[in-house]
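Q: I'd like to ask you about the structure that follows.
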Amino acid sequence: MDGKTTMEITNDRLEEAIREYAAERTPERLSAVLNLLRPTMLFVPAMLQAPDRPTPCLIRNGNGEQFLAVYTSKEQIPKEPKSQALLNMPFPSCNSIVVKEELKLNGMVINPFTDNLVLKLELVQKLHEADEKASKMRQVKMTPEQFDVFMKKQIQFGILPKRLFSEGEEFVTKLCAEKEAFVNQACADAYKQPGLYHYSENDYSVMALDIAENLTLVRIDMPEKGRGPSLCCRVYITFDPQTARARYFTIELTKDKDIRMLGEVLSDGKHTGHGPAPVEGAELQKIIDLTKYDGTEMTS
């Protein structure tokens with residue numbers, strides 16, 4: 001942990017998501033908050049047991065429960081009582097403190113004097129376990145080519161659909177407006193280490209179409225470099241502005257270069273198949289038909 005505060009932290013988007021969740025506590029809005037928290041640096045006030053031994057400050061509620069107090073910005077921190085140190089800590093490191101059995105904490109509280117968002121111990125433990133599992137997977141030695149394939153799978157079948165379903169209309173609006181730049185940035189962010197990401201906006205192609213009043217369709221062509229079986233050459237996103245229903249379809253490569261499969265990632269993260277994909281020129285109509293006749297009849 002580093003007590004230096006030379007880096008200015010701003011988390012405007014996270015703070016907005018927290019306020020939205022406070023206004024309507026739905027699972028989708030909580031998921032949006034957690035997705036924004038995971039890569040975030042937070043402020044953690046601390047006391048100094050020694051010059052090089054900061055101890056994060058805890059806060060107690062009226063029921064005697066103790067929580068780790070963290071803040072999204074300096075402005076959220078009360079001026080009194082003043083802490084001896086202010087740590088810049090990534091959210092997963094905060095989780096690591098909360099789950100320590102010897103501290104007997106009941107969870108974490110974000111901006112306790114304003115938003116007062118409480119993440120209970122059970123939720124923090126699940127997030128910590130997921131981070132530990134991901135860390136172990138990253139420690140498995142891979143060649144650069146293997147790592148590239150691994151990350152593409154994570155992005156195409158996990159990160160992009162998860163963002164679509166958690167962010168909804170905001171995601172689709174930005175995708176339609178920024179196109180290749182948006183997709184490239186989303187993929188680059190997933191790699192974490194810039195030196196391992198070898199793609200640019202020019203490697204993607206995004207086409208957005210307003211098919212009808214209740215159907216926006218976006219086609220995303222993935223980079224040709226490093227394509228192989230089990231990866232996507234394209235994905236299709238459909239969105240109904242009237243119902244806010246989104247769907248995420250995949251055109252998946254197989255070992256047989258002449259056969260591609262049509263799949264779908266559902267809102268719960270599960271993957272389902274729709275059989276062999278049609279030829280490229282007929283893909284668009286197939287996606288429209290799946291959207292049109294799956295219990296959500298479109299108006300022409």
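Every chain in the structure tokens has a letter given in the order shown (A, B, ...), and although residue numbers restart at 1 in each chain, ligands are simply numbered from 1 in the order shown.
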Residues near Pro56 in chain A, anyone? I mean within 7 Å using only C-alpha atoms, not counting same-chain ones fewer than 3 positions away, as a PyMOL selection string.

A: chain A and resi 44-47

Q: Any chance you could export the current selection's all heavy atoms as a PDB file, in the first residue's frame?

A:
```
ATOM      1  N   VAL A  44      -8.505   5.712   0.907  1.00  0.00           N
ATOM      2  CA  VAL A  44      -8.721   5.026   2.184  1.00  0.00           C
ATOM      3  C   VAL A  44      -7.954   5.774   3.275  1.00  0.00           C
ATOM      4  O   VAL A  44      -6.717   5.718   3.328  1.00  0.00           O
ATOM      5  CB  VAL A  44      -8.243   3.556   2.121  1.00  0.00           C
ATOM      6  CG1 VAL A  44      -8.537   2.855   3.447  1.00  0.00           C
ATOM      7  CG2 VAL A  44      -8.904   2.822   0.965  1.00  0.00           C
ATOM      8  N   PRO A  45      -8.645   6.493   4.161  1.00  0.00           N
ATOM      9  CA  PRO A  45      -7.958   7.145   5.277  1.00  0.00           C
ATOM     10  C   PRO A  45      -7.296   6.112   6.183  1.00  0.00           C
ATOM     11  O   PRO A  45      -7.814   5.010   6.364  1.00  0.00           O
ATOM     12  CB  PRO A  45      -9.094   7.879   6.003  1.00  0.00           C
ATOM     13  CG  PRO A  45     -10.174   8.019   4.978  1.00  0.00           C
ATOM     14  CD  PRO A  45     -10.076   6.794   4.126  1.00  0.00           C
ATOM     15  N   ALA A  46      -6.149   6.474   6.760  1.00  0.00           N
ATOM     16  CA  ALA A  46      -5.411   5.526   7.596  1.00  0.00           C
ATOM     17  C   ALA A  46      -4.702   6.251   8.727  1.00  0.00           C
ATOM     18  O   ALA A  46      -4.431   7.457   8.657  1.00  0.00           O
ATOM     19  CB  ALA A  46      -4.399   4.751   6.747  1.00  0.00           C
ATOM     20  N   MET A  47      -4.423   5.494   9.787  1.00  0.00           N
ATOM     21  CA  MET A  47      -3.594   5.972  10.889  1.00  0.00           C
ATOM     22  C   MET A  47      -2.235   5.277  10.774  1.00  0.00           C
ATOM     23  O   MET A  47      -2.125   4.198  10.188  1.00  0.00           O
ATOM     24  CB  MET A  47      -4.242   5.662  12.231  1.00  0.00           C
ATOM     25  CG  MET A  47      -5.647   6.245  12.383  1.00  0.00           C
ATOM     26  SD  MET A  47      -5.717   8.041  12.133  1.00  0.00           S
ATOM     27  CE  MET A  47      -4.880   8.588  13.639  1.00  0.00           C
TER      28      MET A  47
END
```

Q: Which residue out of A:Pro92, A:Pro276, A:Gly269, A:Gly281 has the minimum interatomic distance to Ser166 in chain A when only C-alpha atoms are used?

A: A:Gly269

Q: Could you give me the residues within range 20-268 of chain A that DSSP places in strand (DSSP E), as a PyMOL selection string?

A: chain A and resi 41-50+53-56+58-60+66-70+85-90+107-110+117-120+205-212+215-221+232-240+245-253+260-265

Q: Rank nothing, just name the residue among A:Leu231, A:Lys74, A:Asp203, A:Lys286 nearest to Ile155 in chain A, using only C-alpha atoms.

A: A:Leu231

Q: Which one is closest to Ala208 in chain A: A:Arg247, A:Lys179, A:His271, A:Lys257? Count only C-alpha atoms.

A: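 Of all the options, A:Lys179 lies closest to Ala208 in chain A.
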